[in-house]
Amino acid sequence: MKYLFVICFFLTGTLSSCAQKKARLIVRGDDMGFSHSGNEALIQTYKDGIERSIEVIVPAPWFPEAVKMLAGHPSVDVGIHLALTSEWDNVKWRPVSVCPTLTNEDGYFHPMIWPNKNYPGQALLEKQWSIEDVEREFRAQIELALKKIPRVSHVSAHMGCTALSEEVKALTKKLAKEYHIDIDPSEKNVKQATYKGASKTPAEKKQSFIAMLHTLEPGNTYLFVDHPAFDTPEMRAIHHIGYENVAEDRQGVADIWTDKEIIALIKKLDIELISYKDLLKKW
């Protein structure tokens, strides 16, 4: 170890480049607030696993519980998962502002952003939405999140809603700067990491996640996003057309993110697990 230190010092004149040899990985868990099962799994995969950032859906029905759980774990990095959709068939949520162009006749968000053959005419892009309503709702979600979870560090998009248009993209950036929650991985040279192979079953997920870990290159930073939850009766009642096996699928994510073999492999490969907040550091 002493000789490695000397070599690094003489080759670079600094100690930082040795640290740069590690691959860095943000494991981000999405959708906190959409279910009790999801909330529990998101906390467990942080406490006992590899997750490092959690995204919260502010208008979702289990947001109040999410706030309480996160208060009990003050070290976890939190992002606001901006949402303009309510996609599940058996559980819905409404906006936290008055934004009539973003809701259906029942006052709920539409199920989809982009046109979907399973939900004809029920996508936001098929409606006459207004940028004023989008801004009003995004502001309301951000302000409520900051009120309840002051340590929020960034924003992200549920179902890609911030890419609704170029105007919405620019609005999201403006709000992130205004509220001082502007940590954008795309501006930090963060690469997207995905499953390398099939990922429909829990076994496939594990093998494809392991394969992905082996592709991470030293010196680079990566972001891996998925949605852990537990396979409970509650989760088995949450689904939409085209995605019926939600409970099994999301249990698979929770399993691999707490898997001892995977945790050991990350250590063996010398991959550094980081959060969004860590992107503000200089390596």
# chains A, B, ... in the order shown; residues from 1 in each chain; ligands from 1
call {"tool": "select_by_dssp", "arguments": {"residues": "segment 30-171 of chain A", "states": "strand (DSSP E or B)", "output": "MDAnalysis selection string"}}
result
chainID A and resid 30:32 53:56 77:82 85 103 109:110 112 123 154:157
call {"tool": "write_last_selection", "arguments": {"atoms": "C-alpha atoms", "output": "PDB file, in the first residue's frame"}}
result
ATOM      1  CA  ASP A  30     -37.776   6.069  -7.107  1.00  0.00           C
ATOM      2  CA  ASP A  31     -41.439   6.570  -6.186  1.00  0.00           C
ATOM      3  CA  MET A  32     -41.410   6.964  -2.412  1.00  0.00           C
ATOM      4  CA  SER A  53     -30.645   8.481  -3.041  1.00  0.00           C
ATOM      5  CA  ILE A  54     -34.432   8.309  -2.649  1.00  0.00           C
ATOM      6  CA  GLU A  55     -36.954  10.168  -4.828  1.00  0.00           C
ATOM      7  CA  VAL A  56     -40.244  11.266  -3.250  1.00  0.00           C
ATOM      8  CA  ASP A  77     -30.113  11.952   0.239  1.00  0.00           C
ATOM      9  CA  VAL A  78     -33.596  12.936  -1.002  1.00  0.00           C
ATOM     10  CA  GLY A  79     -34.851  14.173  -4.351  1.00  0.00           C
ATOM     11  CA  ILE A  80     -38.232  15.571  -5.381  1.00  0.00           C
ATOM     12  CA  HIS A  81     -39.678  13.242  -8.001  1.00  0.00           C
ATOM     13  CA  LEU A  82     -41.778  15.800  -9.877  1.00  0.00           C
ATOM     14  CA  THR A  85     -49.282  11.553 -13.812  1.00  0.00           C
ATOM     15  CA  THR A 103     -56.233  16.790 -14.505  1.00  0.00           C
ATOM     16  CA  PHE A 109     -53.679  13.461 -12.857  1.00  0.00           C
ATOM     17  CA  HIS A 110     -53.921  11.650 -16.186  1.00  0.00           C
ATOM     18  CA  MET A 112     -49.811   8.782 -18.918  1.00  0.00           C
ATOM     19  CA  ALA A 123     -52.215  11.024 -21.935  1.00  0.00           C
ATOM     20  CA  HIS A 154     -32.319  17.825  -6.220  1.00  0.00           C
ATOM     21  CA  VAL A 155     -35.270  17.183  -8.518  1.00  0.00           C
ATOM     22  CA  SER A 156     -35.989  14.332 -10.909  1.00  0.00           C
ATOM     23  CA  ALA A 157     -38.862  13.361 -13.184  1.00  0.00           C
TER      24      ALA A 157
END
call {"tool": "residues_around", "arguments": {"residues": "Phe209 of chain A", "least_positions_apart": "5", "cutoff": "10 Å", "atoms": "only C-alpha atoms", "output": "PDB file with N, CA and C atoms, in the first residue's frame"}}
result
ATOM      1  N   ALA A 193     -26.407   3.909 -16.087  1.00  0.00           N
ATOM      2  CA  ALA A 193     -26.149   2.468 -15.987  1.00  0.00           C
ATOM      3  C   ALA A 193     -27.480   1.734 -16.039  1.00  0.00           C
ATOM      4  N   THR A 194     -27.527   0.627 -16.777  1.00  0.00           N
ATOM      5  CA  THR A 194     -28.757  -0.148 -16.919  1.00  0.00           C
ATOM      6  C   THR A 194     -28.437  -1.634 -16.779  1.00  0.00           C
ATOM      7  N   TYR A 195     -29.483  -2.426 -16.595  1.00  0.00           N
ATOM      8  CA  TYR A 195     -29.301  -3.872 -16.565  1.00  0.00           C
ATOM      9  C   TYR A 195     -28.633  -4.325 -17.866  1.00  0.00           C
ATOM     10  N   LYS A 196     -27.658  -5.218 -17.743  1.00  0.00           N
ATOM     11  CA  LYS A 196     -26.988  -5.780 -18.910  1.00  0.00           C
ATOM     12  C   LYS A 196     -27.549  -7.174 -19.153  1.00  0.00           C
ATOM     13  N   GLY A 197     -28.681  -7.214 -19.839  1.00  0.00           N
ATOM     14  CA  GLY A 197     -29.340  -8.485 -20.094  1.00  0.00           C
ATOM     15  C   GLY A 197     -30.798  -8.426 -19.683  1.00  0.00           C
ATOM     16  N   ALA A 198     -31.445  -9.571 -19.701  1.00  0.00           N
ATOM     17  CA  ALA A 198     -32.866  -9.658 -19.345  1.00  0.00           C
ATOM     18  C   ALA A 198     -33.069  -9.287 -17.874  1.00  0.00           C
ATOM     19  N   SER A 199     -34.241  -8.716 -17.565  1.00  0.00           N
ATOM     20  CA  SER A 199     -34.487  -8.296 -16.183  1.00  0.00           C
ATOM     21  C   SER A 199     -35.950  -8.475 -15.785  1.00  0.00           C
ATOM     22  N   ALA A 203     -34.343 -13.513 -10.753  1.00  0.00           N
ATOM     23  CA  ALA A 203     -33.054 -14.142 -11.079  1.00  0.00           C
ATOM     24  C   ALA A 203     -32.364 -13.419 -12.230  1.00  0.00           C
ATOM     25  N   GLU A 204     -33.148 -13.050 -13.242  1.00  0.00           N
ATOM     26  CA  GLU A 204     -32.575 -12.309 -14.375  1.00  0.00           C
ATOM     27  C   GLU A 204     -32.068 -10.943 -13.922  1.00  0.00           C
ATOM     28  N   HIS A 214     -19.852  -5.157 -13.597  1.00  0.00           N
ATOM     29  CA  HIS A 214     -18.563  -5.491 -14.207  1.00  0.00           C
ATOM     30  C   HIS A 214     -18.207  -4.562 -15.368  1.00  0.00           C
ATOM     31  N   PHE A 224     -27.745   4.508 -11.544  1.00  0.00           N
ATOM     32  CA  PHE A 224     -28.646   3.378 -11.784  1.00  0.00           C
ATOM     33  C   PHE A 224     -29.954   3.656 -11.057  1.00  0.00           C
ATOM     34  N   VAL A 253     -36.160  -5.984  -7.199  1.00  0.00           N
ATOM     35  CA  VAL A 253     -35.232  -4.865  -7.024  1.00  0.00           C
ATOM     36  C   VAL A 253     -34.773  -4.770  -5.574  1.00  0.00           C
ATOM     37  N   ILE A 256     -32.144  -7.552  -4.825  1.00  0.00           N
ATOM     38  CA  ILE A 256     -30.771  -7.404  -5.315  1.00  0.00           C
ATOM     39  C   ILE A 256     -30.061  -6.239  -4.644  1.00  0.00           C
ATOM     40  N   TRP A 257     -30.798  -5.221  -4.233  1.00  0.00           N
ATOM     41  CA  TRP A 257     -30.158  -4.066  -3.602  1.00  0.00           C
ATOM     42  C   TRP A 257     -29.748  -4.348  -2.158  1.00  0.00           C
ATOM     43  N   ILE A 262     -24.032  -9.266  -3.876  1.00  0.00           N
ATOM     44  CA  ILE A 262     -23.855  -8.047  -4.666  1.00  0.00           C
ATOM     45  C   ILE A 262     -23.101  -6.994  -3.855  1.00  0.00           C
TER      46      ILE A 262
END
call {"tool": "closest_residue", "arguments": {"among": "A:Leu171, A:Val91, A:Leu164, A:Ala211", "to": "Glu234 of chain A", "atoms": "only C-alpha atoms"}}
result
A:Val91
call {"tool": "select_by_dssp", "arguments": {"residues": "segment 19-52 of chain A", "states": "helix (DSSP H, G or I)", "output": "list in words"}}
result
Ala19, His36, Ser37, Gly38, Asn39, Glu40, Ala41, Leu42, Ile43, Gln44, Thr45, Tyr46 and Lys47 of chain A
call {"tool": "residues_around", "arguments": {"residues": "Cys99 of chain A", "least_positions_apart": "4", "cutoff": "10 Å", "atoms": "only C-alpha atoms", "output": "compact mmCIF listing (two decimals) with N, CA and C atoms, in the first residue's frame"}}
result
# COMPACT_ATOMS: atom_id res chain seq x y z
N ARG A 94 -53.99 13.34 -6.76
CA ARG A 94 -54.36 14.63 -7.36
C ARG A 94 -53.21 15.62 -7.18
N PRO A 95 -53.21 16.70 -7.91
CA PRO A 95 -52.17 17.72 -7.72
C PRO A 95 -52.27 18.39 -6.36
N THR A 103 -55.45 17.85 -15.14
CA THR A 103 -56.23 16.79 -14.51
C THR A 103 -57.38 16.31 -15.39
N GLY A 107 -60.57 15.07 -11.38
CA GLY A 107 -59.59 15.83 -10.60
C GLY A 107 -58.28 15.14 -10.37
N PHE A 109 -54.61 13.39 -11.74
CA PHE A 109 -53.68 13.46 -12.86
C PHE A 109 -54.05 12.40 -13.88
N TRP A 129 -52.86 21.18 -22.12
CA TRP A 129 -52.26 21.60 -20.87
C TRP A 129 -51.59 22.97 -21.05
N SER A 130 -51.41 23.67 -19.95
CA SER A 130 -50.78 24.98 -20.01
C SER A 130 -49.48 25.00 -19.21
N GLU A 132 -48.41 27.44 -17.57
CA GLU A 132 -48.69 28.13 -16.30
C GLU A 132 -49.10 27.13 -15.22
N ASP A 133 -49.95 26.16 -15.61
CA ASP A 133 -50.37 25.15 -14.64
C ASP A 133 -49.21 24.23 -14.26
N VAL A 134 -48.35 23.91 -15.22
CA VAL A 134 -47.17 23.08 -14.91
C VAL A 134 -46.28 23.80 -13.90
N GLU A 135 -46.04 25.08 -14.12
CA GLU A 135 -45.20 25.82 -13.19
C GLU A 135 -45.85 25.91 -11.81
N ARG A 136 -47.15 26.16 -11.79
CA ARG A 136 -47.85 26.26 -10.51
C ARG A 136 -47.74 24.95 -9.72
N GLU A 137 -47.91 23.83 -10.41
CA GLU A 137 -47.86 22.54 -9.74
C GLU A 137 -46.44 22.16 -9.33
call {"tool": "atom_distance", "arguments": {"atom1": "atom CA of Lys200 of chain A", "atom2": "atom CA of Met159 of chain A"}}
result
19.2 Å
call {"tool": "closest_residue", "arguments": {"among": "A:Val168, A:Met235, A:Ile113, A:Val76", "to": "Leu42 of chain A", "atoms": "only C-alpha atoms"}}
result
A:Val76
call {"tool": "residues_around", "arguments": {"residues": "segment 174-176 of chain A", "least_positions_apart": "2", "cutoff": "10 Å", "atoms": "only C-alpha atoms", "output": "PyMOL selection string"}}
result
chain A and resi 135+138-139+142+153-156+168-172+178-184
call {"tool": "write_last_selection", "arguments": {"atoms": "N, CA and C atoms", "output": "JSON list (two decimals), in the first residue's frame"}}
result
[["chain", "number", "residue", "atom", "x", "y", "z"],
["A", 135, "GLU", "N", -46.04, 25.08, -14.12],
["A", 135, "GLU", "CA", -45.20, 25.82, -13.19],
["A", 135, "GLU", "C", -45.85, 25.91, -11.81],
["A", 138, "PHE", "N", -45.47, 22.39, -10.21],
["A", 138, "PHE", "CA", -44.09, 22.10, -9.84],
["A", 138, "PHE", "C", -43.66, 22.92, -8.63],
["A", 139, "ARG", "N", -44.02, 24.19, -8.61],
["A", 139, "ARG", "CA", -43.67, 25.03, -7.47],
["A", 139, "ARG", "C", -44.31, 24.49, -6.18],
["A", 142, "ILE", "N", -42.47, 21.36, -5.02],
["A", 142, "ILE", "CA", -41.15, 21.70, -4.48],
["A", 142, "ILE", "C", -41.28, 22.35, -3.11],
["A", 153, "SER", "N", -32.13, 17.70, -1.99],
["A", 153, "SER", "CA", -30.95, 18.21, -2.70],
["A", 153, "SER", "C", -31.15, 18.39, -4.20],
["A", 154, "HIS", "N", -32.21, 17.80, -4.77],
["A", 154, "HIS", "CA", -32.32, 17.83, -6.22],
["A", 154, "HIS", "C", -33.74, 17.49, -6.65],
["A", 155, "VAL", "N", -34.00, 17.61, -7.95],
["A", 155, "VAL", "CA", -35.27, 17.18, -8.52],
["A", 155, "VAL", "C", -35.01, 16.12, -9.59],
["A", 156, "SER", "N", -36.03, 15.31, -9.82],
["A", 156, "SER", "CA", -35.99, 14.33, -10.91],
["A", 156, "SER", "C", -37.40, 14.22, -11.46],
["A", 168, "VAL", "N", -40.99, 23.06, -20.83],
["A", 168, "VAL", "CA", -41.04, 22.44, -19.51],
["A", 168, "VAL", "C", -39.63, 22.10, -19.02],
["A", 169, "LYS", "N", -38.77, 21.66, -19.91],
["A", 169, "LYS", "CA", -37.38, 21.40, -19.53],
["A", 169, "LYS", "C", -36.73, 22.67, -18.98],
["A", 170, "ALA", "N", -36.92, 23.79, -19.70],
["A", 170, "ALA", "CA", -36.34, 25.06, -19.27],
["A", 170, "ALA", "C", -36.94, 25.52, -17.94],
["A", 171, "LEU", "N", -38.24, 25.31, -17.77],
["A", 171, "LEU", "CA", -38.91, 25.66, -16.52],
["A", 171, "LEU", "C", -38.33, 24.87, -15.35],
["A", 172, "THR", "N", -38.15, 23.56, -15.55],
["A", 172, "THR", "CA", -37.61, 22.71, -14.48],
["A", 172, "THR", "C", -36.23, 23.18, -14.05],
["A", 178, "GLU", "N", -33.67, 28.25, -8.78],
["A", 178, "GLU", "CA", -34.33, 29.19, -7.87],
["A", 178, "GLU", "C", -34.43, 28.65, -6.45],
["A", 179, "TYR", "N", -34.73, 27.35, -6.33],
["A", 179, "TYR", "CA", -34.90, 26.74, -5.01],
["A", 179, "TYR", "C", -33.62, 26.09, -4.49],
["A", 180, "HIS", "N", -32.51, 26.29, -5.21],
["A", 180, "HIS", "CA", -31.19, 25.79, -4.79],
["A", 180, "HIS", "C", -31.18, 24.27, -4.63],
["A", 181, "ILE", "N", -31.80, 23.60, -5.58],
["A", 181, "ILE", "CA", -31.80, 22.13, -5.60],
["A", 181, "ILE", "C", -31.38, 21.65, -6.99],
["A", 182, "ASP", "N", -30.37, 22.32, -7.52],
["A", 182, "ASP", "CA", -29.94, 22.06, -8.90],
["A", 182, "ASP", "C", -28.69, 21.20, -8.93],
["A", 183, "ILE", "N", -28.88, 19.91, -8.71],
["A", 183, "ILE", "CA", -27.80, 18.95, -8.92],
["A", 183, "ILE", "C", -28.22, 18.08, -10.11],
["A", 184, "ASP", "N", -27.66, 18.37, -11.26],
["A", 184, "ASP", "CA", -28.06, 17.71, -12.50],
["A", 184, "ASP", "C", -26.95, 16.75, -12.92]]
call {"tool": "atom_distance", "arguments": {"atom1": "atom CA of Asn245 of chain A", "atom2": "atom CA of Lys47 of chain A"}}
result
25.6 Å
call {"tool": "closest_residue", "arguments": {"among": "A:Ala71, A:Met212, A:Asp89, A:Leu125", "to": "Pro150 of chain A", "atoms": "only C-alpha atoms"}}
result
A:Ala71
call {"tool": "closest_atom_pairs", "arguments": {"of": "segment 13-125 of chain A", "to": "segment 228-233 of chain A", "cutoff": "12 Å", "atoms": "only C-alpha atoms", "output": "CSV"}}
result
residue,atom,partner,partner_atom,distance
A:Val27,CA,A:Pro228,CA,11.1
A:Arg28,CA,A:Pro228,CA,9.7
A:Gly29,CA,A:Pro228,CA,6.5
A:Asp30,CA,A:Pro228,CA,7.6
A:Asp31,CA,A:Pro228,CA,8.7
A:Met32,CA,A:Pro228,CA,9.3
A:Gly33,CA,A:Ala229,CA,11.1
A:Phe34,CA,A:Ala229,CA,10.1
A:Ser35,CA,A:Ala229,CA,8.5
A:His36,CA,A:Ala229,CA,8.8
A:Ser37,CA,A:Phe230,CA,5.4
A:Gly38,CA,A:Ala229,CA,4.1
A:Asn39,CA,A:Ala229,CA,7.3
A:Glu40,CA,A:Ala229,CA,7.3
A:Ala41,CA,A:Ala229,CA,4.8
A:Leu42,CA,A:Pro228,CA,6.0
A:Ile43,CA,A:Pro228,CA,9.5
A:Gln44,CA,A:Pro228,CA,9.4
A:Thr45,CA,A:Pro228,CA,7.7
A:Tyr46,CA,A:Pro228,CA,10.5
A:Gly49,CA,A:Pro228,CA,11.3
A:Ile50,CA,A:Pro228,CA,11.6
A:Glu51,CA,A:Pro228,CA,9.7
A:Ile54,CA,A:Pro228,CA,10.4
A:Glu55,CA,A:Pro228,CA,11.5
call {"tool": "closest_residue", "arguments": {"among": "A:Glu272, A:Glu261, A:Glu187, A:Glu65", "to": "Lys148 of chain A", "atoms": "only C-alpha atoms"}}
result
A:Glu65
call {"tool": "residues_around", "arguments": {"residues": "Ala83 of chain A", "least_positions_apart": "3", "cutoff": "8 Å", "atoms": "only C-alpha atoms", "output": "number ranges by chain"}}
result
A: 57-59, 157-159, 161
call {"tool": "write_last_selection", "arguments": {"atoms": "N, CA and C atoms", "output": "compact mmCIF listing (two decimals), in the first residue's frame"}}
result
# COMPACT_ATOMS: atom_id res chain seq x y z
N ILE A 57 -42.42 11.26 -4.34
CA ILE A 57 -43.54 11.83 -5.11
C ILE A 57 -44.43 12.59 -4.12
N VAL A 58 -44.40 13.90 -4.19
CA VAL A 58 -45.08 14.73 -3.19
C VAL A 58 -46.60 14.56 -3.20
N PRO A 59 -47.28 14.53 -4.35
CA PRO A 59 -48.74 14.40 -4.31
C PRO A 59 -49.25 12.98 -4.07
N ALA A 157 -37.58 13.41 -12.48
CA ALA A 157 -38.86 13.36 -13.18
C ALA A 157 -39.53 12.00 -13.07
N HIS A 158 -40.78 11.99 -12.63
CA HIS A 158 -41.58 10.76 -12.63
C HIS A 158 -42.18 10.58 -14.02
N MET A 159 -41.91 9.43 -14.62
CA MET A 159 -42.40 9.09 -15.96
C MET A 159 -41.99 10.12 -17.01
N CYS A 161 -41.83 13.40 -16.90
CA CYS A 161 -42.72 14.56 -17.07
C CYS A 161 -41.98 15.86 -17.34
call {"tool": "atom_distance", "arguments": {"atom1": "atom CA of Asn118 of chain A", "atom2": "atom CA of His240 of chain A"}}
result
9.1 Å
call {"tool": "closest_residue", "arguments": {"among": "A:Ala237, A:Leu144, A:Leu279, A:Ile274", "to": "Pro185 of chain A", "atoms": "only C-alpha atoms"}}
result
A:Leu279
call {"tool": "decode", "arguments": {"residues": "segment 103-152 of chain A", "atoms": "C-alpha atoms", "output": "PDB file, in the first residue's frame"}}
result
ATOM      1  CA  THR A 103     -56.233  16.790 -14.505  1.00  0.00           C
ATOM      2  CA  ASN A 104     -59.074  14.607 -15.763  1.00  0.00           C
ATOM      3  CA  GLU A 105     -62.773  15.093 -15.120  1.00  0.00           C
ATOM      4  CA  ASP A 106     -62.395  13.508 -11.665  1.00  0.00           C
ATOM      5  CA  GLY A 107     -59.595  15.833 -10.605  1.00  0.00           C
ATOM      6  CA  TYR A 108     -56.836  13.209 -10.791  1.00  0.00           C
ATOM      7  CA  PHE A 109     -53.679  13.461 -12.857  1.00  0.00           C
ATOM      8  CA  HIS A 110     -53.921  11.650 -16.186  1.00  0.00           C
ATOM      9  CA  PRO A 111     -52.363   8.153 -16.192  1.00  0.00           C
ATOM     10  CA  MET A 112     -49.811   8.782 -18.918  1.00  0.00           C
ATOM     11  CA  ILE A 113     -47.576  11.514 -20.341  1.00  0.00           C
ATOM     12  CA  TRP A 114     -47.246  10.145 -23.865  1.00  0.00           C
ATOM     13  CA  PRO A 115     -50.048   8.532 -25.892  1.00  0.00           C
ATOM     14  CA  ASN A 116     -50.550   4.909 -24.872  1.00  0.00           C
ATOM     15  CA  LYS A 117     -52.655   2.372 -26.771  1.00  0.00           C
ATOM     16  CA  ASN A 118     -53.887   0.880 -23.494  1.00  0.00           C
ATOM     17  CA  TYR A 119     -55.166   4.265 -22.305  1.00  0.00           C
ATOM     18  CA  PRO A 120     -56.435   5.996 -25.445  1.00  0.00           C
ATOM     19  CA  GLY A 121     -56.999   9.699 -25.046  1.00  0.00           C
ATOM     20  CA  GLN A 122     -55.720   9.669 -21.449  1.00  0.00           C
ATOM     21  CA  ALA A 123     -52.215  11.024 -21.935  1.00  0.00           C
ATOM     22  CA  LEU A 124     -51.301  14.549 -20.881  1.00  0.00           C
ATOM     23  CA  LEU A 125     -49.849  15.256 -24.318  1.00  0.00           C
ATOM     24  CA  GLU A 126     -53.263  14.539 -25.798  1.00  0.00           C
ATOM     25  CA  LYS A 127     -54.738  17.340 -23.691  1.00  0.00           C
ATOM     26  CA  GLN A 128     -54.566  21.127 -23.839  1.00  0.00           C
ATOM     27  CA  TRP A 129     -52.257  21.600 -20.871  1.00  0.00           C
ATOM     28  CA  SER A 130     -50.776  24.984 -20.013  1.00  0.00           C
ATOM     29  CA  ILE A 131     -47.242  25.861 -18.999  1.00  0.00           C
ATOM     30  CA  GLU A 132     -48.687  28.128 -16.304  1.00  0.00           C
ATOM     31  CA  ASP A 133     -50.365  25.145 -14.640  1.00  0.00           C
ATOM     32  CA  VAL A 134     -47.175  23.082 -14.910  1.00  0.00           C
ATOM     33  CA  GLU A 135     -45.201  25.819 -13.186  1.00  0.00           C
ATOM     34  CA  ARG A 136     -47.855  26.259 -10.508  1.00  0.00           C
ATOM     35  CA  GLU A 137     -47.858  22.539  -9.739  1.00  0.00           C
ATOM     36  CA  PHE A 138     -44.092  22.095  -9.841  1.00  0.00           C
ATOM     37  CA  ARG A 139     -43.668  25.029  -7.466  1.00  0.00           C
ATOM     38  CA  ALA A 140     -46.281  23.612  -5.102  1.00  0.00           C
ATOM     39  CA  GLN A 141     -44.602  20.196  -5.050  1.00  0.00           C
ATOM     40  CA  ILE A 142     -41.155  21.698  -4.482  1.00  0.00           C
ATOM     41  CA  GLU A 143     -42.328  24.025  -1.723  1.00  0.00           C
ATOM     42  CA  LEU A 144     -44.229  21.309   0.128  1.00  0.00           C
ATOM     43  CA  ALA A 145     -41.252  18.960  -0.127  1.00  0.00           C
ATOM     44  CA  LEU A 146     -38.851  21.600   1.191  1.00  0.00           C
ATOM     45  CA  LYS A 147     -41.261  22.426   4.008  1.00  0.00           C
ATOM     46  CA  LYS A 148     -41.471  18.798   5.124  1.00  0.00           C
ATOM     47  CA  ILE A 149     -37.993  17.581   4.093  1.00  0.00           C
ATOM     48  CA  PRO A 150     -35.680  20.628   4.167  1.00  0.00           C
ATOM     49  CA  ARG A 151     -32.588  18.638   3.181  1.00  0.00           C
ATOM     50  CA  VAL A 152     -33.914  17.856  -0.339  1.00  0.00           C
TER      51      VAL A 152
END
